[in-house]
Amino acid sequence: MDSAISDARTPLGASADNGLKIVVVGGFGVGKTTMVRSVSEIRPLNTEETMTQAGETVDDTSEVRGKTATTVAFDFGRISLDARNVLYLFGAPGQERFWFLWDRLFSGTLGAVVLVDTRRIDDSWYAIDRLEHHGTPFVVACNDFGGARHSPESVREALDLDPEVPLVFCDARSRESSKQVLIALVEHLRTRIAGHAAPPRQEFV
Amino acid sequence: MSRPGRDDSPDRLYTVTQGRSRSASDTPFDLVTLVVAECEPTRGMQSEHSAILRLTQAPTAVVEVAAELRLPVSITKILLSDLHAAGRVSARHPYTAAVPDPDILEQVLVGLRNL
């Protein structure tokens, strides 16, 4: 079994030296793994992180003796962008316990894609709230499950979305469509940086 | 398909790390730190260490090592820290900054558009 997995591995080039992270967050069955799979160069892998009572993210260790460990499983895929940059795409569950591990797993992430099923918009509120809390930039992508198409305005209103947060419609099964979602996110990051984080320019007198 | 770690007895996880449940809190290993083997596995080496050295002949992210070894990420980081301290692997940490470098974002965009 192990050798079969190893045989299927596609190694990175020897010059790869910068790993980048983008997280796809969304409720159960919304298509996170589908999106990761459609753009990944490897078959998506699955792993997990556990926060036990000895975990450093638990402050009150005296209070949690005997507490069961919080375990969160997540999928990921990989995109080699060029000779040096490798983008890892994580499909992460949006449920509450997951957010306890956000900082440990996803600090330094470029940003997030909130994948929304417009038939179950309420599932996305919590994820959006948490991303805002963590200060993580994100775009909202509505996965097209067929059926009635919602207008962008109605989705924005239902999610109470800030006007500057991009909203896109996609088909997570399509590589091209999923790629466009990632591009929308990175363009959003670029706009944000240009907008309010630009260092004051030195004036030459 | 069983998930890494979940169905293993806690004893196994305890044993592979000699009882440590966390690495030093200053462990520099990120999920996407790329690890590269600096030597071949040797006889008598802990089996997880040998497996890591075989896996990382080409740069391999911490999260890929964890998935392939079917171990939780935190346990994997402890094993990697040991190997790193012994000079058996090198680590290429991600360029992290509070605000992403515009040049890197540009490279990401170009890479995505070329997919």
# chains A, B, ... in the order shown; residues from 1 in each chain; ligands from 1
$ select_by_dssp --residues "chain B" --states "alpha helix (DSSP H)" --output "ChimeraX atom specification"
/B:10-16,47-55,62-69,73-85,102-113
$ interface_residues --of "chain A" --to "chain B" --cutoff "9 Å" --atoms "only C-alpha atoms" --output "NGL selection string"
:A and (2 or 5-6 or 11-21 or 39 or 45-52 or 54-56 or 71 or 73 or 76 or 79-82 or 85-88 or 104-110 or 176 or 179-180 or 182-183 or 186-187 or 189-190 or 193-194 or 197)
$ write_last_selection --atoms "C-alpha atoms" --output "CSV table (one decimal), in the first residue's frame"
chain,number,residue,atom,x,y,z
A,2,ASP,CA,2.7,2.4,1.0
A,5,ILE,CA,1.3,5.6,-2.8
A,6,SER,CA,4.9,6.3,-3.2
A,11,PRO,CA,8.1,14.9,-7.1
A,12,LEU,CA,8.7,18.6,-7.2
A,13,GLY,CA,11.6,20.1,-9.1
A,14,ALA,CA,14.8,20.4,-7.1
A,15,SER,CA,14.7,24.2,-7.2
A,16,ALA,CA,11.3,24.5,-5.5
A,17,ASP,CA,11.8,26.7,-2.4
A,18,ASN,CA,8.7,28.6,-1.6
A,19,GLY,CA,5.5,26.9,-0.4
A,20,LEU,CA,2.3,29.0,-0.6
A,21,LYS,CA,-1.1,28.3,0.9
A,39,VAL,CA,-6.7,22.1,-10.2
A,45,LEU,CA,-4.1,13.7,-0.2
A,46,ASN,CA,-5.7,13.7,3.2
A,47,THR,CA,-4.1,14.3,6.5
A,48,GLU,CA,-5.1,15.6,9.9
A,49,GLU,CA,-4.0,17.7,12.8
A,50,THR,CA,-4.8,17.0,16.4
A,51,MET,CA,-4.9,19.4,19.3
A,52,THR,CA,-4.6,17.5,22.5
A,54,ALA,CA,-0.9,19.3,25.8
A,55,GLY,CA,-1.2,21.4,22.7
A,56,GLU,CA,0.4,24.7,22.9
A,71,THR,CA,-8.9,16.3,15.5
A,73,ALA,CA,-8.9,16.2,8.8
A,76,PHE,CA,-4.9,19.2,0.0
A,79,ILE,CA,0.1,23.3,-8.1
A,80,SER,CA,3.7,24.0,-9.2
A,81,LEU,CA,3.5,27.6,-10.3
A,82,ASP,CA,7.1,28.0,-11.6
A,85,ASN,CA,6.9,28.7,-6.1
A,86,VAL,CA,4.6,25.8,-5.2
A,87,LEU,CA,1.0,26.5,-4.2
A,88,TYR,CA,-0.8,24.2,-1.8
A,104,ARG,CA,-1.6,26.6,13.8
A,105,LEU,CA,-2.3,25.3,10.3
A,106,PHE,CA,-3.0,28.3,8.2
A,107,SER,CA,-1.1,31.2,9.5
A,108,GLY,CA,0.7,32.9,6.6
A,109,THR,CA,-2.0,31.7,4.2
A,110,LEU,CA,-2.3,34.0,1.1
A,176,GLU,CA,-10.6,26.3,-15.9
A,179,LYS,CA,-8.4,28.3,-11.8
A,180,GLN,CA,-10.4,31.6,-12.4
A,182,LEU,CA,-7.9,31.3,-7.6
A,183,ILE,CA,-7.0,34.1,-10.0
A,186,VAL,CA,-4.9,36.7,-6.0
A,187,GLU,CA,-6.1,39.7,-7.9
A,189,LEU,CA,-4.9,40.4,-2.7
A,190,ARG,CA,-3.0,42.5,-5.1
A,193,ILE,CA,-2.0,45.6,-1.0
A,194,ALA,CA,-2.0,48.4,-3.5
A,197,ALA,CA,-0.7,48.7,2.6
$ atom_distance --atom1 "atom CA of Ala51 of chain B" --atom2 "atom CA of Glu41 of chain A"
22.8 Å
$ residues_around --residues "Arg173 of chain A" --least-positions-apart "3" --cutoff "7 Å" --atoms "only C-alpha atoms" --output "count of residues only"
3
$ select_by_dssp --residues "chain B" --states "strand (DSSP E or B)" --output "PyMOL selection string"
chain B and resi 34-37+60-61+89-92
$ decode --residues "segment 75-114 of chain A" --atoms "N, CA and C atoms" --output "short mmCIF file (atom, residue, chain, number, x, y, z; two decimals), in the first residue's frame"
data_model
loop_
_atom_site.label_atom_id
_atom_site.label_comp_id
_atom_site.auth_asym_id
_atom_site.auth_seq_id
_atom_site.Cartn_x
_atom_site.Cartn_y
_atom_site.Cartn_z
N ASP A 75 -8.11 17.89 3.26
CA ASP A 75 -7.54 17.46 1.99
C ASP A 75 -6.59 18.54 1.49
N PHE A 76 -5.70 18.14 0.63
CA PHE A 76 -4.91 19.18 -0.03
C PHE A 76 -4.44 18.69 -1.39
N GLY A 77 -4.16 19.67 -2.23
CA GLY A 77 -3.59 19.40 -3.53
C GLY A 77 -2.44 20.37 -3.77
N ARG A 78 -1.83 20.27 -4.92
CA ARG A 78 -0.61 21.03 -5.16
C ARG A 78 -0.58 21.56 -6.59
N ILE A 79 -0.08 22.76 -6.74
CA ILE A 79 0.11 23.35 -8.07
C ILE A 79 1.53 23.93 -8.13
N SER A 80 2.36 23.40 -9.02
CA SER A 80 3.68 24.01 -9.21
C SER A 80 3.50 25.21 -10.11
N LEU A 81 3.78 26.40 -9.56
CA LEU A 81 3.53 27.63 -10.31
C LEU A 81 4.69 27.97 -11.24
N ASP A 82 5.89 27.75 -10.75
CA ASP A 82 7.09 27.96 -11.56
C ASP A 82 8.20 27.17 -10.89
N ALA A 83 9.44 27.45 -11.28
CA ALA A 83 10.54 26.63 -10.78
C ALA A 83 10.70 26.73 -9.26
N ARG A 84 10.24 27.84 -8.67
CA ARG A 84 10.45 28.02 -7.24
C ARG A 84 9.18 28.01 -6.40
N ASN A 85 8.09 28.53 -6.93
CA ASN A 85 6.86 28.67 -6.13
C ASN A 85 5.92 27.48 -6.30
N VAL A 86 5.49 26.94 -5.17
CA VAL A 86 4.56 25.81 -5.17
C VAL A 86 3.35 26.20 -4.33
N LEU A 87 2.18 26.15 -4.94
CA LEU A 87 0.96 26.52 -4.23
C LEU A 87 0.27 25.26 -3.71
N TYR A 88 0.01 25.25 -2.42
CA TYR A 88 -0.77 24.15 -1.82
C TYR A 88 -2.17 24.67 -1.56
N LEU A 89 -3.12 23.86 -2.00
CA LEU A 89 -4.53 24.22 -1.88
C LEU A 89 -5.16 23.28 -0.87
N PHE A 90 -5.71 23.87 0.20
CA PHE A 90 -6.27 23.05 1.27
C PHE A 90 -7.79 23.14 1.26
N GLY A 91 -8.42 21.99 1.34
CA GLY A 91 -9.87 21.95 1.50
C GLY A 91 -10.16 21.75 2.98
N ALA A 92 -10.76 22.76 3.60
CA ALA A 92 -10.91 22.69 5.05
C ALA A 92 -12.38 22.77 5.45
N PRO A 93 -12.74 21.95 6.41
CA PRO A 93 -14.13 21.95 6.86
C PRO A 93 -14.45 23.24 7.59
N GLY A 94 -15.63 23.74 7.43
CA GLY A 94 -15.95 25.02 8.05
C GLY A 94 -16.49 24.89 9.46
N GLN A 95 -16.55 23.66 9.99
CA GLN A 95 -17.22 23.53 11.30
C GLN A 95 -16.41 24.16 12.41
N GLU A 96 -17.11 24.35 13.50
CA GLU A 96 -16.59 25.17 14.57
C GLU A 96 -15.23 24.73 15.09
N ARG A 97 -15.06 23.43 15.35
CA ARG A 97 -13.82 22.98 15.99
C ARG A 97 -12.60 23.24 15.11
N PHE A 98 -12.86 23.28 13.80
CA PHE A 98 -11.76 23.50 12.88
C PHE A 98 -11.04 24.83 13.15
N TRP A 99 -11.81 25.84 13.56
CA TRP A 99 -11.22 27.18 13.68
C TRP A 99 -10.24 27.28 14.84
N PHE A 100 -10.31 26.34 15.79
CA PHE A 100 -9.32 26.34 16.87
C PHE A 100 -7.92 26.07 16.32
N LEU A 101 -7.89 25.40 15.17
CA LEU A 101 -6.59 25.02 14.61
C LEU A 101 -6.17 25.95 13.47
N TRP A 102 -6.98 26.94 13.19
CA TRP A 102 -6.69 27.80 12.04
C TRP A 102 -5.29 28.41 12.13
N ASP A 103 -4.96 29.03 13.26
CA ASP A 103 -3.68 29.71 13.37
C ASP A 103 -2.52 28.74 13.22
N ARG A 104 -2.69 27.58 13.83
CA ARG A 104 -1.58 26.63 13.77
C ARG A 104 -1.36 26.12 12.35
N LEU A 105 -2.47 25.86 11.65
CA LEU A 105 -2.34 25.27 10.32
C LEU A 105 -2.15 26.32 9.23
N PHE A 106 -2.88 27.40 9.33
CA PHE A 106 -2.99 28.28 8.18
C PHE A 106 -2.51 29.70 8.41
N SER A 107 -1.67 29.90 9.43
CA SER A 107 -1.06 31.22 9.55
C SER A 107 -0.19 31.41 8.31
N GLY A 108 -0.15 32.62 7.82
CA GLY A 108 0.66 32.89 6.64
C GLY A 108 -0.01 32.49 5.34
N THR A 109 -1.28 32.09 5.40
CA THR A 109 -1.95 31.74 4.16
C THR A 109 -2.17 33.00 3.32
N LEU A 110 -2.08 32.84 2.01
CA LEU A 110 -2.31 34.00 1.13
C LEU A 110 -3.74 34.50 1.32
N GLY A 111 -4.67 33.57 1.34
CA GLY A 111 -6.07 33.95 1.46
C GLY A 111 -6.94 32.71 1.36
N ALA A 112 -8.24 32.95 1.34
CA ALA A 112 -9.18 31.84 1.35
C ALA A 112 -10.24 32.01 0.28
N VAL A 113 -10.77 30.88 -0.15
CA VAL A 113 -11.94 30.84 -1.02
C VAL A 113 -13.07 30.29 -0.17
N VAL A 114 -14.15 31.05 -0.01
CA VAL A 114 -15.33 30.52 0.68
C VAL A 114 -16.23 29.95 -0.40
#
